[in-house]
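Undergrad: See upload.cif below, with mmCIF, C-alpha atoms and all ligand atoms.
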```cif
data_final
loop_
_atom_site.label_atom_id
_atom_site.label_comp_id
_atom_site.auth_asym_id
_atom_site.auth_seq_id
_atom_site.Cartn_x
_atom_site.Cartn_y
_atom_site.Cartn_z
CA MET A 1 -6.60 -2.08 22.69
CA SER A 2 -5.57 -5.11 20.58
CA ILE A 3 -3.73 -4.46 17.32
CA ASN A 4 -6.76 -5.74 15.37
CA ASP A 5 -9.04 -3.25 17.12
CA TYR A 6 -6.47 -0.49 16.72
CA LEU A 7 -6.22 -1.08 12.95
CA MET A 8 -10.01 -1.28 12.63
CA ARG A 9 -10.31 2.08 14.38
CA ARG A 10 -7.70 3.65 12.07
CA ALA A 11 -9.44 2.13 9.02
CA ALA A 12 -12.78 3.58 10.11
CA GLU A 13 -11.23 7.04 10.53
CA VAL A 14 -9.62 6.83 7.08
CA GLU A 15 -12.83 5.66 5.44
CA GLU A 16 -14.70 8.63 6.80
CA ALA A 17 -12.04 11.01 5.51
CA LEU A 18 -11.82 9.27 2.10
CA THR A 19 -15.51 9.83 1.48
CA SER A 20 -15.20 13.58 1.90
CA ALA A 21 -11.80 13.90 0.20
CA LEU A 22 -13.43 14.74 -3.16
CA ASP A 23 -15.70 17.42 -1.74
CA GLY A 24 -14.97 21.06 -2.47
CA TRP A 25 -12.64 20.44 -5.41
CA GLY A 26 -15.04 21.51 -8.14
CA HIS A 27 -17.44 19.65 -10.39
CA ILE A 28 -16.61 16.02 -11.19
CA PRO A 29 -18.64 14.24 -13.90
CA ASN A 30 -21.04 11.86 -12.14
CA ARG A 31 -19.83 8.68 -13.76
CA LEU A 32 -16.19 9.49 -13.01
CA ARG A 33 -16.96 10.32 -9.36
CA GLU A 34 -18.90 7.07 -9.07
CA ALA A 35 -16.04 5.05 -10.52
CA MET A 36 -13.54 6.70 -8.16
CA LEU A 37 -15.73 6.16 -5.10
CA TYR A 38 -16.56 2.59 -6.13
CA SER A 39 -12.94 1.53 -5.61
CA LEU A 40 -12.15 3.93 -2.77
CA GLN A 41 -15.07 2.58 -0.76
CA ALA A 42 -14.61 -1.09 -1.64
CA GLY A 43 -13.00 -1.90 1.69
CA GLY A 44 -9.44 -3.08 1.92
CA LYS A 45 -7.26 -3.23 4.98
CA ARG A 46 -6.18 0.45 4.78
CA ILE A 47 -2.77 -0.64 5.99
CA ARG A 48 -0.84 2.14 4.21
CA PRO A 49 -2.84 5.02 5.73
CA ALA A 50 -2.64 3.25 9.09
CA LEU A 51 1.14 3.21 8.72
CA VAL A 52 1.21 6.96 7.99
CA MET A 53 -0.82 7.71 11.12
CA THR A 54 0.99 5.17 13.29
CA ALA A 55 4.48 6.32 12.26
CA ALA A 56 3.53 9.95 12.97
CA ALA A 57 2.22 9.01 16.41
CA ALA A 58 5.23 6.78 17.11
CA VAL A 59 7.64 9.65 16.57
CA LYS A 60 5.58 12.34 18.23
CA GLY A 61 4.27 10.23 21.07
CA ASP A 62 0.59 11.20 20.82
CA SER A 63 -1.23 8.04 19.87
CA GLY A 64 -4.60 9.80 20.12
CA ASP A 65 -4.18 12.49 17.43
CA ALA A 66 -4.62 11.18 13.89
CA ALA A 67 -5.88 14.41 12.32
CA GLN A 68 -2.50 15.85 11.40
CA ALA A 69 -1.51 12.85 9.30
CA MET A 70 -4.94 12.33 7.68
CA PRO A 71 -4.47 14.21 4.37
CA VAL A 72 -1.30 12.26 3.59
CA ALA A 73 -2.92 9.04 4.83
CA CYS A 74 -5.77 9.61 2.35
CA ALA A 75 -3.32 10.51 -0.42
CA VAL A 76 -1.49 7.22 -0.10
CA GLU A 77 -4.77 5.29 -0.19
CA PHE A 78 -5.75 7.23 -3.34
CA ILE A 79 -2.47 6.21 -5.00
CA HIS A 80 -2.81 2.62 -3.82
CA THR A 81 -6.40 2.44 -5.11
CA TYR A 82 -5.45 3.85 -8.52
CA SER A 83 -2.66 1.27 -8.75
CA LEU A 84 -5.11 -1.56 -8.02
CA ILE A 85 -7.59 -0.31 -10.65
CA HIS A 86 -4.88 -0.13 -13.30
CA ASP A 87 -3.24 -3.40 -12.19
CA ASP A 88 -6.57 -5.19 -12.73
CA LEU A 89 -7.05 -3.89 -16.30
CA PRO A 90 -7.02 -6.37 -19.20
CA ALA A 91 -3.69 -4.91 -20.38
CA MET A 92 -2.12 -5.72 -17.01
CA ASP A 93 -3.25 -8.59 -14.76
CA ASP A 94 -6.74 -8.81 -16.27
CA ASP A 95 -8.60 -9.57 -13.03
CA ASP A 96 -12.38 -9.76 -12.54
CA TYR A 97 -12.53 -9.45 -8.75
CA ARG A 98 -10.87 -7.21 -6.19
CA ARG A 99 -11.75 -6.72 -2.53
CA GLY A 100 -14.65 -9.12 -3.03
CA LYS A 101 -16.30 -7.02 -5.75
CA PRO A 102 -16.12 -6.92 -9.56
CA THR A 103 -13.08 -4.91 -10.65
CA ASN A 104 -13.55 -1.28 -11.66
CA HIS A 105 -13.37 -1.87 -15.42
CA LYS A 106 -15.91 -4.71 -15.14
CA VAL A 107 -18.42 -2.21 -13.78
CA TYR A 108 -17.49 1.09 -15.48
CA GLY A 109 -15.66 -0.09 -18.60
CA GLU A 110 -11.99 0.22 -19.42
CA ALA A 111 -11.97 3.90 -20.39
CA MET A 112 -13.65 5.06 -17.17
CA ALA A 113 -11.46 2.73 -15.06
CA ILE A 114 -8.33 4.22 -16.59
CA LEU A 115 -9.65 7.73 -16.00
CA ALA A 116 -10.72 6.95 -12.43
CA GLY A 117 -7.15 5.78 -11.79
CA ASP A 118 -5.72 8.90 -13.42
CA ALA A 119 -7.98 11.12 -11.32
CA LEU A 120 -7.15 9.34 -8.05
CA LEU A 121 -3.44 9.68 -8.76
CA THR A 122 -3.67 13.37 -9.60
CA HIS A 123 -5.92 14.15 -6.66
CA ALA A 124 -3.47 12.51 -4.24
CA PHE A 125 -0.96 15.29 -4.83
CA GLY A 126 -3.67 17.90 -4.31
CA LEU A 127 -4.53 16.34 -0.97
CA VAL A 128 -0.93 16.53 0.24
CA ALA A 129 -0.50 20.10 -0.96
CA GLY A 130 -3.88 21.05 0.54
CA ALA A 131 -2.69 19.95 3.99
CA ALA A 132 -0.46 23.04 3.99
CA ARG A 133 -3.60 25.19 3.93
CA CYS A 134 -4.95 23.52 7.08
CA GLY A 135 -1.74 24.64 8.75
CA SER A 136 -1.28 21.41 10.67
CA VAL A 137 1.94 20.36 8.92
CA ALA A 138 4.76 22.76 8.07
CA PRO A 139 5.15 23.54 4.33
CA ASP A 140 8.79 22.36 4.21
CA VAL A 141 7.75 18.99 5.63
CA LEU A 142 4.95 18.69 3.06
CA LEU A 143 7.34 19.63 0.26
CA ALA A 144 9.62 16.75 1.27
CA VAL A 145 6.58 14.46 1.46
CA VAL A 146 5.38 15.46 -2.03
CA GLU A 147 8.81 14.90 -3.52
CA GLU A 148 9.13 11.50 -1.88
CA LEU A 149 5.61 10.53 -2.96
CA SER A 150 6.48 11.35 -6.54
CA LEU A 151 9.75 9.45 -6.33
CA LEU A 152 8.42 6.33 -4.64
CA SER A 153 5.15 6.05 -6.57
CA GLY A 154 6.62 7.07 -9.94
CA ALA A 155 8.93 5.76 -12.64
CA ALA A 156 11.77 4.92 -10.27
CA GLY A 157 9.33 3.56 -7.69
CA MET A 158 5.97 1.78 -7.92
CA VAL A 159 5.37 2.40 -11.63
CA GLY A 160 8.92 1.28 -12.40
CA GLY A 161 8.39 -1.91 -10.40
CA GLN A 162 5.13 -2.59 -12.22
CA ALA A 163 6.86 -1.98 -15.57
CA ALA A 164 9.64 -4.40 -14.63
CA ASP A 165 6.95 -6.90 -13.59
CA MET A 166 5.22 -6.54 -16.98
CA LEU A 167 8.48 -6.64 -18.95
CA GLY A 168 9.85 -9.56 -16.98
CA GLU A 169 6.76 -11.80 -16.91
CA GLN A 170 8.19 -15.28 -17.58
CA GLY A 171 11.73 -14.01 -18.18
CA VAL A 172 12.59 -13.39 -14.52
CA THR A 173 15.07 -16.03 -13.45
CA SER A 174 16.93 -14.68 -10.44
CA ILE A 175 15.93 -13.72 -6.94
CA GLU A 176 17.68 -10.35 -7.49
CA GLU A 177 15.40 -9.48 -10.42
CA LEU A 178 12.35 -10.55 -8.47
CA GLU A 179 13.45 -8.58 -5.41
CA TYR A 180 13.82 -5.47 -7.60
CA ILE A 181 10.22 -5.87 -8.80
CA HIS A 182 8.84 -6.46 -5.31
CA LEU A 183 10.84 -3.65 -3.73
CA HIS A 184 9.48 -1.16 -6.20
CA LYS A 185 5.97 -2.24 -7.13
CA THR A 186 4.93 -2.88 -3.52
CA SER A 187 7.55 -1.95 -0.97
CA ASP A 188 8.14 1.64 -2.13
CA LEU A 189 4.60 2.83 -1.33
CA ILE A 190 4.71 1.11 2.05
CA ARG A 191 8.10 2.69 2.75
CA PHE A 192 6.66 6.05 1.72
CA SER A 193 3.77 5.62 4.15
CA VAL A 194 6.13 5.03 7.04
CA THR A 195 8.62 7.80 6.29
CA ALA A 196 5.90 10.34 5.44
CA GLY A 197 4.29 9.63 8.81
CA GLY A 198 7.71 9.95 10.41
CA ARG A 199 8.29 13.33 8.78
CA ILE A 200 4.87 14.58 9.94
CA GLY A 201 5.68 13.43 13.46
CA GLY A 202 8.97 15.37 13.34
CA ALA A 203 11.49 12.54 12.91
CA ASP A 204 15.19 13.39 12.70
CA LYS A 205 17.51 12.01 10.02
CA GLN A 206 18.55 8.92 11.96
CA GLN A 207 14.92 8.10 12.83
CA LEU A 208 13.91 8.54 9.18
CA ASP A 209 16.63 6.12 8.07
CA CYS A 210 15.38 3.53 10.57
CA LEU A 211 11.76 4.08 9.51
CA ALA A 212 12.77 3.69 5.84
CA LEU A 213 14.48 0.38 6.63
CA TYR A 214 11.41 -0.79 8.55
CA GLY A 215 9.18 0.19 5.61
CA ARG A 216 11.45 -1.48 3.07
CA ASN A 217 11.55 -4.81 4.90
CA LEU A 218 7.88 -4.71 5.85
CA GLY A 219 6.97 -3.95 2.21
CA LEU A 220 9.10 -6.75 0.81
CA ALA A 221 7.66 -9.18 3.36
CA PHE A 222 4.17 -7.93 2.44
CA GLN A 223 4.61 -8.77 -1.26
CA ILE A 224 6.16 -12.19 -0.55
CA GLN A 225 3.18 -12.91 1.73
CA ASP A 226 0.93 -11.78 -1.14
CA ASP A 227 2.67 -14.33 -3.40
CA ILE A 228 2.25 -17.02 -0.72
CA LEU A 229 -1.46 -16.22 -0.28
CA ASP A 230 -1.95 -16.50 -4.04
CA VAL A 231 -0.89 -20.15 -3.65
CA ILE A 232 -2.42 -21.17 -0.31
CA GLY A 233 -4.89 -18.38 0.55
CA ASP A 234 -8.66 -18.53 0.87
CA GLU A 235 -10.52 -16.81 -2.00
CA GLY A 236 -13.36 -15.73 0.31
CA LYS A 237 -11.00 -14.01 2.74
CA LEU A 238 -8.83 -12.49 0.00
CA GLY A 239 -11.79 -11.18 -2.00
CA LYS A 240 -10.16 -12.24 -5.26
CA LYS A 241 -9.26 -15.40 -7.12
CA THR A 242 -6.17 -17.28 -6.01
CA GLN A 243 -3.73 -19.15 -8.29
CA GLY A 244 -3.63 -16.11 -10.60
CA ASP A 245 0.18 -16.09 -10.53
CA VAL A 246 0.33 -19.79 -11.38
CA GLU A 247 -2.18 -19.38 -14.23
CA GLN A 248 -0.20 -16.48 -15.65
CA ASN A 249 3.08 -18.39 -15.20
CA LYS A 250 4.32 -15.59 -12.98
CA VAL A 251 7.70 -15.99 -11.38
CA THR A 252 7.15 -15.41 -7.65
CA TYR A 253 9.00 -16.16 -4.42
CA PRO A 254 7.16 -19.48 -3.90
CA TYR A 255 7.93 -20.39 -7.53
CA LEU A 256 11.63 -19.54 -7.22
CA ILE A 257 12.49 -20.68 -3.68
CA GLY A 258 9.48 -22.77 -2.59
CA LEU A 259 6.70 -22.18 -0.09
CA GLU A 260 8.58 -23.00 3.11
CA GLU A 261 11.59 -20.84 2.27
CA SER A 262 9.27 -18.01 1.25
CA LYS A 263 7.56 -18.19 4.65
CA ALA A 264 10.96 -18.16 6.37
CA LYS A 265 11.92 -15.09 4.31
CA VAL A 266 8.76 -13.26 5.42
CA ALA A 267 9.62 -14.09 9.04
CA SER A 268 13.23 -12.91 8.78
CA LEU A 269 12.26 -9.67 7.00
CA THR A 270 9.69 -9.01 9.73
CA GLN A 271 12.39 -9.49 12.35
CA GLU A 272 14.70 -7.09 10.49
CA ALA A 273 11.88 -4.54 10.27
CA LYS A 274 11.32 -4.76 14.01
CA SER A 275 15.05 -4.41 14.72
CA ALA A 276 15.11 -1.18 12.70
CA ILE A 277 12.32 0.20 14.89
CA ALA A 278 14.10 -0.89 18.03
CA SER A 279 17.11 1.26 17.09
CA ALA A 280 15.06 4.34 16.08
CA ARG A 281 14.56 5.76 19.60
CA LEU A 282 10.85 6.42 18.99
CA ALA A 283 8.55 7.85 21.65
CA GLU A 284 5.95 5.10 21.11
CA PRO A 285 7.30 2.24 18.97
CA ASP A 286 4.85 -0.46 20.10
CA ARG A 287 2.17 -0.13 17.42
CA LEU A 288 4.73 -0.26 14.61
CA LEU A 289 6.18 -3.44 16.11
CA GLN A 290 2.69 -4.92 16.45
CA ILE A 291 1.81 -4.06 12.84
CA ALA A 292 4.87 -6.01 11.66
CA ASP A 293 3.67 -9.09 13.56
CA TYR A 294 0.08 -8.54 12.41
CA LEU A 295 1.19 -8.54 8.76
CA LEU A 296 3.30 -11.66 9.31
CA ARG A 297 0.16 -13.48 10.48
CA ARG A 298 -2.20 -12.02 7.86
CA ASP A 299 -4.38 -14.34 5.77
CA HIS A 300 -5.87 -11.69 3.46
C1 LIG B 401 -2.46 -5.48 -2.40
O1 LIG B 401 -2.48 -4.60 -1.30
C2 LIG B 401 -1.54 -4.89 -3.39
C3 LIG B 401 -0.24 -5.18 -3.49
C4 LIG B 401 0.40 -6.29 -2.74
C5 LIG B 401 0.62 -4.35 -4.40
C6 LIG B 401 0.78 -4.92 -5.78
C7 LIG B 401 1.38 -3.89 -6.65
C8 LIG B 401 0.66 -3.21 -7.55
C9 LIG B 401 -0.78 -3.52 -7.78
C10 LIG B 401 1.34 -2.11 -8.32
C11 LIG B 401 0.56 -1.68 -9.48
C12 LIG B 401 1.16 -0.48 -10.07
C13 LIG B 401 0.69 0.17 -11.15
C14 LIG B 401 1.37 1.40 -11.57
C15 LIG B 401 -0.49 -0.28 -11.92
P1 LIG B 401 -3.41 -4.83 -0.03
O2 LIG B 401 -3.32 -6.27 0.39
O3 LIG B 401 -3.07 -3.81 0.99
O4 LIG B 401 -4.86 -4.56 -0.64
P2 LIG B 401 -6.13 -4.00 0.11
O5 LIG B 401 -5.97 -2.50 0.13
O6 LIG B 401 -7.28 -4.42 -0.76
O7 LIG B 401 -6.18 -4.59 1.48
MG MG B 402 0.08 -7.25 -10.81
#
```
Give the structure from this file in structure tokens form.
TA:
Amino acid sequence: MSINDYLMRRAAEVEEALTSALDGWGHIPNRLREAMLYSLQAGGKRIRPALVMTAAAAVKGDSGDAAQAMPVACAVEFIHTYSLIHDDLPAMDDDDYRRGKPTNHKVYGEAMAILAGDALLTHAFGLVAGAARCGSVAPDVLLAVVEELSLLSGAAGMVGGQAADMLGEQGVTSIEELEYIHLHKTSDLIRFSVTAGGRIGGADKQQLDCLALYGRNLGLAFQIQDDILDVIGDEGKLGKKTQGDVEQNKVTYPYLIGLEESKAKVASLTQEAKSAIASARLAEPDRLLQIADYLLRRDH
């Protein structure tokens, strides 16, 4: 199966699970449920959940069984979706379109968009904890996953990176400051996806270190590619307006080091990510290597 077909299959599995992930958790006010599902079901590449499932399979060597990793895969997509809803708010990037549709606050209003984000974030932790009840992942593994999810999506992780992004705005002048922002606001959740999958698959310490390095470099490359696509991407394919960074005078990789050097940086980070996988002694490393190349080539 080609990597495109493989990722489409994983995305379809995740989408099915996402739709039922709110069932059986008690009454949710209709409008809030609608706002949550609006963004959860708006499409997207589902690359983070795919990384959870693929890393688990890579370690364990059973590329067919995605069920074990599914609750954590859904949790990471819940966190990612909340972050997009909040990132699009007028107080943050103030965007009207996301994944080819009007942003959440444009449809449901700011208050409900904030609450939908809050609810997605909170529910994510319930999903991870709930996986213990299914018995498919050992409680000590899930405990480590919960702690890492909190760390990498919280104040010292994704939220911290977003805060630095907001605080920095035009003031960022060095590549080090920009790398800090990118590593946290984007790379941390991608790194989490990879290491959480690794833990579920039973990775040892050395494998986890390699998976973390893969996730770090892949995540940084992913955000630089995002910056590049904001300059040269196709609005139809991206499902949102381009040139947003330029309009907001955002300091990005293309702004600081130019387009060609940014592309070279994405390529070298991808190579470093693949090298980390090569030294991890995984049962089935191929899909992780292919995902790195797939993201290098991505146009949306
Ligand atoms: C696009 O992902 C998103 C990013 C590149 C991450 C940008 C970082 C944030 C929005 C952090 C915001 C944090 C807070 C706390 C508000 P993607 O290309 O995978 O999107 P898709 O799921 O639509 O494909
Ligand atoms: Mg932003």
Undergrad: Produce a table with one row for each residue of chain A that has an atom at most 7 Å from any atom of ligand LIG 401 (chain B), each row naming the nearest atom pair and its distance in Å at one decimal; use only C-alpha atoms and all ligand atoms; arrange rows by chain and rising residue number; format as a Markdown table.
TA:
```
| residue | atom | partner | partner_atom | distance |
| --- | --- | --- | --- | --- |
| A:Gly43 | CA | B:LIG401 | O6 | 6.7 |
| A:Gly44 | CA | B:LIG401 | O7 | 3.6 |
| A:Lys45 | CA | B:LIG401 | O7 | 3.9 |
| A:Arg46 | CA | B:LIG401 | O5 | 5.5 |
| A:Ile47 | CA | B:LIG401 | O3 | 5.9 |
| A:Ser83 | CA | B:LIG401 | C15 | 4.1 |
| A:Leu84 | CA | B:LIG401 | C9 | 4.8 |
| A:His86 | CA | B:LIG401 | C15 | 4.6 |
| A:Asp87 | CA | B:LIG401 | C15 | 4.2 |
| A:Arg99 | CA | B:LIG401 | O6 | 5.3 |
| A:Met158 | CA | B:LIG401 | C12 | 5.7 |
| A:Val159 | CA | B:LIG401 | C14 | 4.1 |
| A:Gln162 | CA | B:LIG401 | C12 | 5.0 |
| A:Lys185 | CA | B:LIG401 | C10 | 4.8 |
| A:Thr186 | CA | B:LIG401 | C5 | 4.6 |
| A:Phe222 | CA | B:LIG401 | C4 | 6.6 |
| A:Gln223 | CA | B:LIG401 | C4 | 5.1 |
| A:Asp226 | CA | B:LIG401 | C4 | 5.7 |
| A:His300 | CA | B:LIG401 | O2 | 6.7 |
```
Undergrad: Which protein, DNA or RNA residues have an atom within 12 Å of ligand MG 402 (chain B), counting only C-alpha atoms and all ligand atoms, as a VMD selection string?
TA: chain A and resid 83 to 95 98 158 to 159 161 to 169 181 to 182 185 to 186 223 226 to 227 230 244 to 245 248 250 to 252
Undergrad: Please build the interface table for segment 195-289 of chain A against segment 57-73 of chain A with a cut-off of 7 Å, listing for each qualifying residue the nearest atom pair and the distance in Å to one decimal; count all atoms listed in the file, order rows by chain and increasing number, and write it as JSON lines.
TA:
```
{"residue": "A:Gly197", "atom": "CA", "partner": "A:Ala69", "partner_atom": "CA", "distance": 6.7}
{"residue": "A:Gly198", "atom": "CA", "partner": "A:Val59", "partner_atom": "CA", "distance": 6.2}
{"residue": "A:Ile200", "atom": "CA", "partner": "A:Ala69", "partner_atom": "CA", "distance": 6.6}
{"residue": "A:Gly201", "atom": "CA", "partner": "A:Lys60", "partner_atom": "CA", "distance": 4.9}
{"residue": "A:Gly202", "atom": "CA", "partner": "A:Lys60", "partner_atom": "CA", "distance": 6.7}
{"residue": "A:Ala203", "atom": "CA", "partner": "A:Val59", "partner_atom": "CA", "distance": 6.0}
{"residue": "A:Leu282", "atom": "CA", "partner": "A:Val59", "partner_atom": "CA", "distance": 5.2}
{"residue": "A:Ala283", "atom": "CA", "partner": "A:Gly61", "partner_atom": "CA", "distance": 4.9}
{"residue": "A:Glu284", "atom": "CA", "partner": "A:Ala58", "partner_atom": "CA", "distance": 4.4}
{"residue": "A:Pro285", "atom": "CA", "partner": "A:Ala58", "partner_atom": "CA", "distance": 5.3}
```
Undergrad: Store the residues of this selection in a file with C-alpha atoms, as a short mmCIF file (atom, residue, chain, number, x, y, z; two decimals), in the frame of the given file.
TA:
```cif
data_model
loop_
_atom_site.label_atom_id
_atom_site.label_comp_id
_atom_site.auth_asym_id
_atom_site.auth_seq_id
_atom_site.Cartn_x
_atom_site.Cartn_y
_atom_site.Cartn_z
CA GLY A 197 4.29 9.63 8.81
CA GLY A 198 7.71 9.95 10.41
CA ILE A 200 4.87 14.58 9.94
CA GLY A 201 5.68 13.43 13.46
CA GLY A 202 8.97 15.37 13.34
CA ALA A 203 11.49 12.54 12.91
CA LEU A 282 10.85 6.42 18.99
CA ALA A 283 8.55 7.85 21.65
CA GLU A 284 5.95 5.10 21.11
CA PRO A 285 7.30 2.24 18.97
#
```
Undergrad: Set the distance at 12 Å and use only C-alpha atoms: which residues neighbour Val76 of chain A once local chain neighbours fewer than 5 positions away are removed? I'd like the list as a ChimeraX atom specification.
TA: /A:14,18,40,46-53,69-71,81-83,120-128,145-146,148-150,152-153,188-197
Undergrad: Write out as a VMD selection string which residues come within 9 Å of Met36 of chain A when counting all atoms listed in the file, dropping same-chain ones fewer than 3 positions away.
TA: chain A and resid 31 to 33 39 to 41 81 to 82 104 113 115 to 117 119 to 120
Undergrad: Using the file's own x, y and z axes, so that the box edges lie along x, y and z, what centre and edge lengths in Å (one decimal) does a box around every listed atom of segment 183-196 of chain A get when 5 Å is added on each side? Give it as AutoDock Vina command-line options.
TA:
```
--center_x 7.3 --center_y 3.3 --center_z 0.0 --size_x 17.1 --size_y 24.0 --size_z 24.2
```
Undergrad: Sorted by chain and rising residue number, list the residues of segment 148-265 of chain A at most 12 Å from segment 295-298 of chain A (counting only C-alpha atoms), each with its closest atom pair and distance in Å to one decimal, as a Markdown table.
TA:
```
| residue | atom | partner | partner_atom | distance |
| --- | --- | --- | --- | --- |
| A:Asn217 | CA | A:Leu296 | CA | 11.6 |
| A:Leu218 | CA | A:Leu295 | CA | 8.2 |
| A:Gly219 | CA | A:Leu295 | CA | 9.9 |
| A:Leu220 | CA | A:Leu295 | CA | 11.4 |
| A:Ala221 | CA | A:Leu296 | CA | 7.8 |
| A:Phe222 | CA | A:Leu295 | CA | 7.0 |
| A:Gln223 | CA | A:Leu295 | CA | 10.6 |
| A:Ile224 | CA | A:Leu296 | CA | 10.3 |
| A:Gln225 | CA | A:Leu296 | CA | 7.7 |
| A:Asp226 | CA | A:Arg298 | CA | 9.5 |
| A:Ile228 | CA | A:Arg298 | CA | 10.9 |
| A:Leu229 | CA | A:Arg298 | CA | 9.2 |
| A:Gly233 | CA | A:Arg298 | CA | 10.1 |
| A:Asp234 | CA | A:Arg298 | CA | 11.5 |
| A:Lys237 | CA | A:Arg298 | CA | 10.4 |
| A:Leu238 | CA | A:Arg298 | CA | 10.3 |
| A:Ser262 | CA | A:Leu296 | CA | 11.9 |
| A:Lys263 | CA | A:Leu296 | CA | 9.1 |
| A:Ala264 | CA | A:Leu296 | CA | 10.5 |
| A:Lys265 | CA | A:Leu296 | CA | 10.5 |
```
Undergrad: Val107 of chain A: which residues within 10 Å, counting all atoms listed in the file, same-chain residues fewer than 6 positions away excluded, as a ChimeraX atom specification?
TA: /A:35,38,96,101,113
Undergrad: Under the rule that only C-alpha atoms are counted, which of A:Asp293, A:Glu176, A:Asp299, A:Glu235 is the nearest residue to Thr270 of chain A?
TA: A:Asp293
Undergrad: Mind pulling up the distance from atom CA of Thr54 of chain A to atom CA of Ile291 of chain A?
TA: 9.3 Å
Undergrad: Select, from A:Val231, A:Ala21, A:Leu143, A:Asp118, the residue with the minimum atom-to-atom distance to Leu259 of chain A, counting all atoms listed in the file.
TA: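 Checking each of A:Val231, A:Ala21, A:Leu143, A:Asp118 against Leu259 of chain A, counting all atoms listed in the file, the winner is A:Val231.
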Undergrad: Mind pulling up the distance from atom CA of His184 of chain A to atom CA of Ala144 of chain A?
TA: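 Distance between the two atoms: 19.4 Å.
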Undergrad: Work out how far apart atom CA of Asn30 of chain A and atom CA of Tyr108 of chain A are and give it in Å to one decimal.
TA: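 Between these atoms lies a distance of 11.8 Å.
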Undergrad: Kindly add all heavy atoms to the incomplete segment 95-100 of chain A and provide the output as a compact mmCIF listing (two decimals), keeping the file's coordinate frame.
TA:
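New file out-v8.txt:
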```txt
# COMPACT_ATOMS: atom_id res chain seq x y z
N ASP A 95 -7.86 -8.91 -14.12
CA ASP A 95 -8.60 -9.57 -13.03
C ASP A 95 -10.06 -9.12 -12.99
O ASP A 95 -10.37 -7.97 -13.28
CB ASP A 95 -7.93 -9.27 -11.68
CG ASP A 95 -6.78 -10.22 -11.40
OD1 ASP A 95 -6.98 -11.44 -11.59
OD2 ASP A 95 -5.70 -9.75 -11.02
N ASP A 96 -10.94 -10.05 -12.60
CA ASP A 96 -12.38 -9.76 -12.54
C ASP A 96 -12.85 -9.35 -11.15
O ASP A 96 -13.91 -8.75 -11.01
CB ASP A 96 -13.17 -11.00 -12.97
CG ASP A 96 -12.91 -11.36 -14.42
OD1 ASP A 96 -12.33 -10.52 -15.14
OD2 ASP A 96 -13.29 -12.47 -14.83
N TYR A 97 -12.11 -9.75 -10.13
CA TYR A 97 -12.53 -9.45 -8.75
C TYR A 97 -11.41 -8.80 -7.95
O TYR A 97 -10.24 -9.14 -8.10
CB TYR A 97 -13.00 -10.71 -8.03
CG TYR A 97 -14.38 -11.11 -8.50
CD1 TYR A 97 -14.53 -11.99 -9.56
CD2 TYR A 97 -15.51 -10.55 -7.91
CE1 TYR A 97 -15.80 -12.31 -10.03
CE2 TYR A 97 -16.77 -10.87 -8.37
CZ TYR A 97 -16.91 -11.75 -9.43
OH TYR A 97 -18.16 -12.05 -9.89
N ARG A 98 -11.81 -7.89 -7.08
CA ARG A 98 -10.87 -7.21 -6.19
C ARG A 98 -11.65 -6.81 -4.95
O ARG A 98 -12.74 -6.27 -5.05
CB ARG A 98 -10.31 -5.98 -6.92
CG ARG A 98 -9.58 -4.99 -6.08
CD ARG A 98 -8.19 -5.41 -5.70
NE ARG A 98 -7.25 -5.47 -6.81
CZ ARG A 98 -5.97 -5.83 -6.67
NH1 ARG A 98 -5.49 -6.18 -5.49
NH2 ARG A 98 -5.18 -5.86 -7.72
N ARG A 99 -11.09 -7.04 -3.79
CA ARG A 99 -11.75 -6.72 -2.53
C ARG A 99 -13.18 -7.25 -2.50
O ARG A 99 -14.10 -6.60 -2.02
CB ARG A 99 -11.74 -5.20 -2.31
CG ARG A 99 -10.33 -4.61 -2.11
CD ARG A 99 -10.32 -3.10 -2.15
NE ARG A 99 -9.08 -2.53 -1.61
CZ ARG A 99 -8.78 -1.23 -1.64
NH1 ARG A 99 -9.62 -0.37 -2.18
NH2 ARG A 99 -7.65 -0.79 -1.15
N GLY A 100 -13.35 -8.45 -3.08
CA GLY A 100 -14.65 -9.12 -3.03
C GLY A 100 -15.71 -8.56 -3.96
O GLY A 100 -16.87 -8.95 -3.90
```
